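Trainee: If you scroll down you'll find the structure; I have some questions about it.
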Amino acid sequence: MGIVEYFIYFYGLLVNSGPIFTQATILTLRLTATALLLGIVIGLFFAMLKISKNRVFNCIADAYITIIRGTPLIVQIFWIYFGLAPILDIPAFWAASLALAVHNGAYIAEIFRGGIQSINRGQMEAALSLGMTYLLAMRRIILPQAFKRCIPPLGNQFIIGLKDSSLAAFVTMPELFMIAMRRANRWPGDALEYYTIAGLYYLALVVVFTFLVKKLESRLDVDK
Amino acid sequence: MIFQKKWMVLLLALLMGVVLVVTGCADDAAPPADPGAAEEPEVFRYAMSGAYQPFSYFDENDNLVGFDVEIGAALAEAMGMEAEPVPTPWQALPMGLGTRYEAIIGSMTITEERLQKFDFSDPYYRSGPKVFVQADSGITSVEDLTADSTIAVLMESVYEDLAAEITDNLKFYESDMLALRELGSGRADAVITDQIVGLTNARELDLDIIAVGDILIVEEIGIAIPKGNPELLARINRALADIKADGTYLAICGKYVGGDISGD
Amino acid sequence: MIEVRRLNKSFGDLQVLKDVDLKVEKGEVVCLIGASGSGKSTLLRCINFLEQGQSGEIWIEGRLVEGKKDNLAKIRQEVGMVFQLFNLFPHKTVLGNVIEAPVMVKKVPVKQATEEAVTLLEKVGLADKAGSYPSQLSGGQKQRVAIARALAMHPKVMLFDEPTSALDPELVGEVLTVIKQLAREGMTMIVVTHEMAFAREVAEWVVYMDEGRIVEISKPAQMFDEPREARTREFLSRVLQKTDQNSETRSA
C-alpha cells in the first residue's frame with residue numbers, strides 16, 4: 001500500500017467510525033466536566049483546610065493530597081469502582097467521575113492553595129480591618145483574585161484531566177479510549193489506526209480547550 | 001479563635017454539598033430497586049471481557065455480541081430475569097464479582113485455583129488449547145517445538161502454564177488476537193490458545209496459520225459466581241439445562257462457532 | 001476611648017512590645033514616632049487585633065475586648081485602619097472598594113452606600129476617579145481612596161500605619177491634607193508616622209517608642225523643643241537632621 005492509498009484507507013476508517021467516536025466523545029466530555037466541577041469543589045475545600053491555622057485540618061489535607069498524588073489514578077479508580085461504589089450503590093458513570101474528581105481534586109487543591117497564598121497578606125488584613133469576617137473576606141476579596149491567577153494552571157490541569165479520563169475505560173465506560181480498544185480488539189489489523197483516531201479526537205478537544213482558556217485569560221486581564 | 005467555628009460550618013456545608021451532589025445524581029441515574037413494589041424483573045448482571053472473539057466482542061455498531069453474551073441473555077430469560085452484560089477487562093473480572101455483577105460468563109476455564117475463589121456452574125461449553133504455528137513453518141506436532149521456541153499466550157491464562165512446560169521464551173499479550181497476529185507476522189514461533197478462538201481469528205484476520213496436534217487438555221468452561229450461594233448456582237444450572245433442552249443453546253452455537261461445543 | 005494596658009507581644013523569641021500602656025481620649029490625635037522596629041506598627045495592629053498580644057488588655061469605649069471570645073469583626077467595624085501599602089482591592093473599582101464593606105458587612109443598600117461613597121470621594125478629592133481601578137491611580141490617590149474606604153464604615157477611631165511612607169515625596173502632602181482635615185473634624189486618630197512636622201501640627205500627644213517600650217509621651221511642643229528623655233532627644237536630632245538635609249536637597 002502506498003502512502004496515498006494508506007491515507008485514503010485511514011480516512012475511510014476515520015469516517016466510518018465517526019458516529020461511534022462522536023458518541024464516545026460526548027461521554028468523555030461528560031466524564032471530564034463532571035470530574036472537574038466536582039474536583040474544583042473538592043480542591044477548594046482541601047485548599048481551605050490546608051491554609052487554615054488548625055493543625056488537624058492541615059493534617060487531613062496533607063494526608064489526602066499525599067495519598068492521591070502518591071498512588072496511580074488507575075488504582076484510585078479501582079478503589080472507588082470495585083470497592084466504594086458497590087457499597088454505596090453508585091452507578092458506573094458516577095463511580096468513574098468521582099474517582100477522577102477525587103484525583104484531580106488533590107492537584108486542584110494545590111493550585112488553589114498556591115493561588116490563595118500568592119495574594120498579598122495585606123488584602124486579608126485590609127478586609128478584616130473593615131469588619132469583614134474571615135470567610136467573607138475569603139469569598140469577596142481573596143478568592144476572586146486568587147482564582148484569576150489559578151486559571152492558567154487550572155487550564156493545564158483540565159487538559160490532563162481530559163486525557164486521564166481515558167482510564168475510565170477500565171471500568172466499563174465506553175468513552176473514546178474504550179471505543180478504540182474495542183475496535184482494536186475486533187479488527188486487530190487496524191488496531192494502531194483506531195488508537196490513532198482516538199488520539200486525534202483527544203488532540204482536537206485539547207486544542208479547542210486551550211483556545212478557550214487563552215480567551216478567558218485575556219478577557220480577565222483586560223478587566224483588571 | 002473565632003475563625004475555627006466558622007471553618008467547621010464551612011466543612012460541614014461542603015461535605016453535605018458533595019454528598020448531595022453524588023447521591024442526588026446517583027438517584028437520577030439508577031432508581032434504587034424497591035423490593036416491596038418489585039413487579040419489574042430482577043436484573044442478572046454478568047461479566048465478560050468483550051475482547052474475545054467469538055465469545056464476546058463489539059461489532060461494527062459497537063454492540064456487545066458473542067457466544068458468552070447470548071448464553072447469558074438466554075440464561076437470564078430462562079430464569080425470568082433481565083439480562084445486563086457488563087464488559088470488564090479480563091484482569092479485573094474477579095474484582096467485580098458479587099458487587100458489580102452476579103456472574104462471570106467470560107469463557108473462564110474451571111481450574112482448581114479458581115475453585116478456591118469462586119463457585120462454578122456445570123460447564124457451559126468444552127474446549128481445549130491447541131498449538132498454532134505458521135503454515136509454512138514445517139512444524140507438524142507439539143514435539144517439533146523446542147526450548148528455543150518462542151510461544152505467545154494470553155497473560156494470566158491457563159495456556160501460560162502449558163507453554164511454560166515447553167519453553168521459557170514466553171511472550172504475553174492482552175488478547176488472543178494480538179498473540180495470533182504476532183504469530184502471523186513471525187514474531188513468535190507458536191501460539192497456544194483455544195482452538196475455537198484460534199480458528200475463528202485465523203479466518204477473520206486472514207492469517208496463514210494452522211493448528212497442529214491434538215487438543216492438549218480438555219477444558220471445561222464454567223460460569224463463575226461468588227462462593228456460598230447455592231440457590232443462584234442451582235438456578236443457573238437449571239437454566240442451562242433448560243436452554244440446552246429447548247434448542248436455544250444449539251442455535252447460539254451455530255451462530256457464533258458453527259457447531260455444538262457443549263461436549264455433552 | 002481606647003486604652004492599652006500592660007500589653008506584651010512577642011514573635012517567637014523576639015519581644016516587640018514590652019508592658020505598653022497608652023490612653024487615647026475621644027477626639028484626640030496621637031502620633032506614634034520612633035525608629036523602624038521600635039514596635040509602633042505592632043502596637044497599632046494589636047489595637048484592632050490584626051495581631052494579638054500574649055498578655056495585656058485592650059479597652060475600647062470602656063469595654064475590655066477579649067480576642068479569644070469577642071466578635072472581632074464587629075469591633076473592627078468601629079476601628080478604621082489605613083495601611084502603609086494602601087491594600088486596595090485591585091479587582092474592584094474605586095467605588096467598589098469604598099462600598100464593599102458597607103454593603104457586605106453592614107448590609108447598607110447599594111444605592112445608599114454609593115451616595116455616601118461619592119460624598120466621601122469628593123471629600124478626599126477623587127470623585128472623578130470612582131470608576132477607575134486602583135492600578136490606574138497614583139500612590140497618593142490610592143491612599144486617599146483607602147482613607148475613604150475606612151471612613152465608609154463610620155469608624156469611631158482611625159488608625160494610620162505610616163500612611164505616607166510608601167509615597168513619593170511630592171505626593172505626601174495631598175494625603176496629609178486629608179488626615180489634617182479629619183483631625184479638624186474631631187476624629188479620634190492614632191497615627192504612626194515619620195513626618196515630624198505633621199505630628200507637631202496635628203497631634204494632641206506625641207508618643208516616642210524605642211525597642212518595644214514607650215519612652216516618652218508629651219505634648220508636641222515639649223516633645224520636639226525640649227524632650228524630657230535623653231533617648232528621645234538623640235532620636236529626634238537624628239531624624240530632624242535628616243529631614244533638613246532632605247528638604248535642602250529638594251529645594252536645591
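Each chain of the C-alpha cells is named A, B, ... in the order shown, its residues numbered from 1; ligands are numbered from 1 in display order.
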Show me, as a list in words, the residues that have an atom within 10 Å of Pro123 of chain B when counting only C-alpha atoms, minus same-chain residues fewer than 2 positions from it.

Mentor: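 Residues meeting the cut-off are Ser107, Met108, Thr109, Ile110, Phe120, Ser121, Tyr125, Arg126, Glu219, Glu220, Ile221, Gly222, Ile223, Asn237, Leu240, Ser262, Gly263 and Asp264 of chain B.
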
Trainee: Using only C-alpha atoms, what table do you get, as a Markdown table, when you list each residue of chain C with an atom no more than 9 Å from chain A, its nearest pair of atoms, and their distance in Å rounded to one decimal, rows by chain then rising number?

Mentor:
```
| residue | atom | partner | partner_atom | distance |
| --- | --- | --- | --- | --- |
| C:Asn48 | CA | A:Ser129 | CA | 7.1 |
| C:Phe49 | CA | A:Ser129 | CA | 8.7 |
| C:Leu50 | CA | A:Glu125 | CA | 6.9 |
| C:Leu72 | CA | A:Gly131 | CA | 7.7 |
| C:Ala73 | CA | A:Gly131 | CA | 4.3 |
| C:Lys74 | CA | A:Gly131 | CA | 6.0 |
| C:Ile75 | CA | A:Gly131 | CA | 7.2 |
| C:Arg76 | CA | A:Gly131 | CA | 4.8 |
| C:Gln77 | CA | A:Gly131 | CA | 4.4 |
| C:Glu78 | CA | A:Gly131 | CA | 8.0 |
| C:Val79 | CA | A:Ser129 | CA | 7.4 |
| C:Gly80 | CA | A:Ser129 | CA | 6.5 |
| C:Met81 | CA | A:Ser129 | CA | 6.1 |
| C:Val82 | CA | A:Ala126 | CA | 8.1 |
| C:Phe83 | CA | A:Ala126 | CA | 7.8 |
| C:Leu85 | CA | A:Gly122 | CA | 8.0 |
| C:Phe86 | CA | A:Gly122 | CA | 8.4 |
| C:Asn87 | CA | A:Gly122 | CA | 5.6 |
| C:Leu88 | CA | A:Gln123 | CA | 7.3 |
| C:Phe89 | CA | A:Gln123 | CA | 6.8 |
| C:Pro90 | CA | A:Lys224 | CA | 7.4 |
| C:His91 | CA | A:Lys224 | CA | 6.1 |
| C:Lys92 | CA | A:Lys224 | CA | 8.3 |
| C:Glu100 | CA | A:Arg140 | CA | 8.7 |
| C:Ala101 | CA | A:Leu130 | CA | 6.2 |
| C:Pro102 | CA | A:Leu130 | CA | 8.8 |
| C:Met104 | CA | A:Met132 | CA | 7.9 |
| C:Val105 | CA | A:Met132 | CA | 6.1 |
| C:Tyr133 | CA | A:Lys224 | CA | 7.3 |
| C:Ser135 | CA | A:Lys224 | CA | 8.1 |
| C:Arg149 | CA | A:Leu130 | CA | 8.3 |
| C:Ala150 | CA | A:Leu130 | CA | 6.6 |
| C:Met153 | CA | A:Leu130 | CA | 7.2 |
```

Trainee: From a DSSP pass on the backbone, collect the residues of segment 95-224 of chain C flagged as helix (DSSP H, G or I) and hand them back as a ChimeraX atom specification.

Mentor: /C:95-104,110-123,127-129,134-136,139-151,169-184,196-202,220-224

Trainee: Using only C-alpha atoms, I'd like a table of the residues in chain C that come within 9 Å of chain B; for each, show the closest atom pair and its distance in Å rounded to one decimal, ordered by chain and ascending number, as a Markdown table.

Mentor:
```
| residue | atom | partner | partner_atom | distance |
| --- | --- | --- | --- | --- |
| C:Gly67 | CA | B:Met1 | CA | 7.7 |
| C:Lys68 | CA | B:Met1 | CA | 5.2 |
| C:Lys69 | CA | B:Ile2 | CA | 7.2 |
| C:Asp70 | CA | B:Ile2 | CA | 8.0 |
| C:Asn71 | CA | B:Ile2 | CA | 7.3 |
| C:Leu72 | CA | B:Ile2 | CA | 7.9 |
```

Trainee: For a quick test of understanding: name the residues of chain A lying within 9 Å of chain B when counting only C-alpha atoms, and present them as a ChimeraX atom specification.

Mentor: /A:17,20,38,41-42,45,48-49,52-54,78,81-83,85-94,98,133-135,169-172,179,181-183,185-189

Trainee: Take the residues that were just selected and, keeping N, CA and C atoms, output them as a CSV table (one decimal), in the first residue's frame.

Mentor:
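The resulting selection27.csv:
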```
chain,number,residue,atom,x,y,z
A,17,SER,N,-16.0,5.3,11.4
A,17,SER,CA,-16.1,5.2,12.9
A,17,SER,C,-16.6,6.5,13.5
A,20,ILE,N,-19.7,6.6,16.0
A,20,ILE,CA,-19.4,5.9,17.3
A,20,ILE,C,-18.4,6.7,18.2
A,38,LEU,N,-16.7,18.7,40.1
A,38,LEU,CA,-16.6,18.1,41.4
A,38,LEU,C,-15.2,18.3,42.0
A,41,VAL,N,-14.7,21.7,43.6
A,41,VAL,CA,-15.3,21.8,44.9
A,41,VAL,C,-14.4,21.1,45.9
A,42,ILE,N,-14.0,19.9,45.6
A,42,ILE,CA,-13.1,19.1,46.5
A,42,ILE,C,-11.8,19.9,46.7
A,45,PHE,N,-12.1,23.0,48.9
A,45,PHE,CA,-12.3,22.5,50.2
A,45,PHE,C,-11.0,22.2,50.9
A,48,MET,N,-8.7,25.1,51.5
A,48,MET,CA,-9.1,25.8,52.7
A,48,MET,C,-8.5,25.1,53.9
A,49,LEU,N,-8.7,23.8,54.0
A,49,LEU,CA,-8.1,23.1,55.1
A,49,LEU,C,-6.6,23.3,55.2
A,52,SER,N,-5.7,26.7,56.5
A,52,SER,CA,-6.2,27.0,57.8
A,52,SER,C,-5.1,26.9,58.9
A,53,LYS,N,-5.4,27.6,60.0
A,53,LYS,CA,-4.4,27.6,61.0
A,53,LYS,C,-4.5,26.4,62.0
A,54,ASN,N,-5.6,25.6,61.7
A,54,ASN,CA,-5.8,24.4,62.5
A,54,ASN,C,-5.0,23.3,62.1
A,78,PHE,N,-10.0,1.9,40.6
A,78,PHE,CA,-10.5,0.6,41.0
A,78,PHE,C,-11.0,0.6,42.5
A,81,TYR,N,-14.5,2.2,42.1
A,81,TYR,CA,-15.4,1.4,41.2
A,81,TYR,C,-15.7,0.0,41.9
A,82,PHE,N,-14.7,-0.7,42.3
A,82,PHE,CA,-14.9,-2.0,42.8
A,82,PHE,C,-15.1,-2.0,44.3
A,83,GLY,N,-14.5,-1.0,45.0
A,83,GLY,CA,-14.6,-1.0,46.4
A,83,GLY,C,-15.7,-0.2,47.0
A,85,ALA,N,-18.0,2.0,45.4
A,85,ALA,CA,-19.3,2.2,44.6
A,85,ALA,C,-20.3,1.1,44.9
A,86,PRO,N,-19.9,-0.1,44.9
A,86,PRO,CA,-20.9,-1.2,45.1
A,86,PRO,C,-21.6,-1.0,46.5
A,87,ILE,N,-20.8,-0.6,47.5
A,87,ILE,CA,-21.4,-0.4,48.8
A,87,ILE,C,-22.4,0.7,48.8
A,88,LEU,N,-22.1,1.8,48.2
A,88,LEU,CA,-23.0,2.9,48.2
A,88,LEU,C,-24.0,2.9,47.0
A,89,ASP,N,-23.9,1.8,46.2
A,89,ASP,CA,-24.8,1.7,45.1
A,89,ASP,C,-24.7,2.9,44.1
A,90,ILE,N,-23.4,3.2,43.8
A,90,ILE,CA,-23.2,4.3,42.8
A,90,ILE,C,-23.0,3.7,41.5
A,91,PRO,N,-23.7,4.2,40.5
A,91,PRO,CA,-23.6,3.6,39.1
A,91,PRO,C,-22.2,3.9,38.5
A,92,ALA,N,-21.9,3.1,37.5
A,92,ALA,CA,-20.5,3.2,36.9
A,92,ALA,C,-20.1,4.6,36.5
A,93,PHE,N,-21.0,5.3,35.9
A,93,PHE,CA,-20.6,6.7,35.4
A,93,PHE,C,-20.2,7.5,36.6
A,94,TRP,N,-20.9,7.5,37.7
A,94,TRP,CA,-20.6,8.3,38.8
A,94,TRP,C,-19.4,7.8,39.6
A,98,LEU,N,-16.4,10.2,40.0
A,98,LEU,CA,-16.0,10.5,41.4
A,98,LEU,C,-14.5,10.2,41.6
A,133,THR,N,-15.7,39.3,58.1
A,133,THR,CA,-15.3,38.0,58.7
A,133,THR,C,-14.3,37.4,57.8
A,134,TYR,N,-13.6,36.4,58.3
A,134,TYR,CA,-12.6,35.7,57.6
A,134,TYR,C,-13.2,35.1,56.3
A,135,LEU,N,-14.3,34.4,56.4
A,135,LEU,CA,-15.0,33.8,55.3
A,135,LEU,C,-15.4,34.7,54.3
A,169,ALA,N,-12.1,3.8,30.9
A,169,ALA,CA,-12.3,2.7,30.0
A,169,ALA,C,-12.2,1.4,30.8
A,170,PHE,N,-11.3,1.4,31.8
A,170,PHE,CA,-11.1,0.1,32.6
A,170,PHE,C,-12.2,-0.2,33.6
A,171,VAL,N,-13.1,0.7,33.7
A,171,VAL,CA,-14.3,0.4,34.5
A,171,VAL,C,-15.5,0.6,33.6
A,172,THR,N,-15.5,0.0,32.4
A,172,THR,CA,-16.6,-0.2,31.5
A,172,THR,C,-17.2,1.1,30.9
A,179,ILE,N,-13.6,2.8,23.1
A,179,ILE,CA,-14.1,2.5,21.8
A,179,ILE,C,-12.9,2.1,20.9
A,181,MET,N,-10.2,0.7,22.0
A,181,MET,CA,-9.8,-0.7,22.5
A,181,MET,C,-10.7,-1.7,21.8
A,182,ARG,N,-12.0,-1.5,21.9
A,182,ARG,CA,-13.0,-2.4,21.3
A,182,ARG,C,-12.7,-2.7,19.9
A,183,ARG,N,-12.6,-1.6,19.1
A,183,ARG,CA,-12.3,-1.7,17.7
A,183,ARG,C,-11.0,-2.4,17.4
A,185,ASN,N,-9.6,-4.6,19.3
A,185,ASN,CA,-9.8,-6.0,19.5
A,185,ASN,C,-10.5,-6.7,18.4
A,186,ARG,N,-11.5,-6.0,17.9
A,186,ARG,CA,-12.4,-6.6,16.9
A,186,ARG,C,-11.6,-6.7,15.6
A,187,TRP,N,-10.8,-5.7,15.2
A,187,TRP,CA,-10.1,-5.7,14.0
A,187,TRP,C,-8.6,-5.4,14.3
A,188,PRO,N,-7.9,-6.4,14.8
A,188,PRO,CA,-6.5,-6.2,15.2
A,188,PRO,C,-5.6,-5.6,14.1
A,189,GLY,N,-6.0,-5.9,12.9
A,189,GLY,CA,-5.2,-5.4,11.8
A,189,GLY,C,-5.2,-3.9,11.8
```

Trainee: So the first atom is atom CA of Ile65 of chain A and the second is atom CA of Glu217 of chain A; what is the distance between them in Å, to one decimal place?

Mentor: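 Interatomic distance here is 27.2 Å.
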
Trainee: Which residues are close to Ala76 of chain B, i.e. within 12 Å by only C-alpha atoms, leaving aside same-chain residues fewer than 6 positions away? Reply as a list in words.

Mentor: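 Once the adjacent positions are removed, what remains is Pro41, Glu42, Val43, Phe44, Arg45, Tyr46, Val69, Glu70, Glu82, Ala83, Glu84, Pro85, Glu102, Ala103, Ile105, Leu232, Arg235, Ile236, Asn237, Arg238, Ala239, Leu240, Asp242 and Ile243 of chain B.
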
Trainee: List the neighbours of Leu176 of chain C out to 10 Å using only C-alpha atoms; skip same-chain residues closer than 4 positions along the sequence, and give me the result as number ranges by chain.

Mentor: C: 140, 144, 163-164, 171-172, 180-182, 195, 198

Trainee: Write out as a list in words all residues of segment 77-221 of chain C that DSSP puts in strand (DSSP E) for this structure's backbone.

Mentor: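 Answer for segment 77-221 of chain C restricted to strand (DSSP E) is Val79, Gly80, Met81, Val82, Val157, Met158, Leu159, Phe160, Asp161, Thr188, Met189, Ile190, Val191, Val192, Trp205, Val206, Val207, Tyr208, Met209, Asp210, Arg213, Ile214, Val215, Glu216, Ile217 and Ser218 of chain C.
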
Trainee: Mind checking which residues fall within 10 Å of segment 197-201 of chain A, counting only C-alpha atoms, ignoring those fewer than 5 positions away in the same chain, and posting them as a VMD selection string?

Mentor: chain A and resid 10 to 11 13 to 14 17 to 18 21 to 22 24 to 25 163 166 175 to 181 191 to 192 206 to 207

Trainee: Compare A:Met1, A:Ala63, A:Ile108, A:Val15 by their minimum atom-to-atom distance to Gly39 of chain A, counting only C-alpha atoms, and give me the closest one.

Mentor: A:Ile108

Trainee: With only C-alpha atoms as the counted atoms, please give the residues lying no more than 12 Å from Thr66 of chain A, apart from itself and same-chain residues fewer than 3 positions off, as a list in words.

Mentor: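 With the cut-off at 12 Å, the set is Phe46, Asn58, Cys59, Ile60, Ala61, Asp62, Ala63, Arg69, Gly70, Thr71, Pro72, His103, Gly105, Ala106, Tyr107, Ala109 and Glu110 of chain A.
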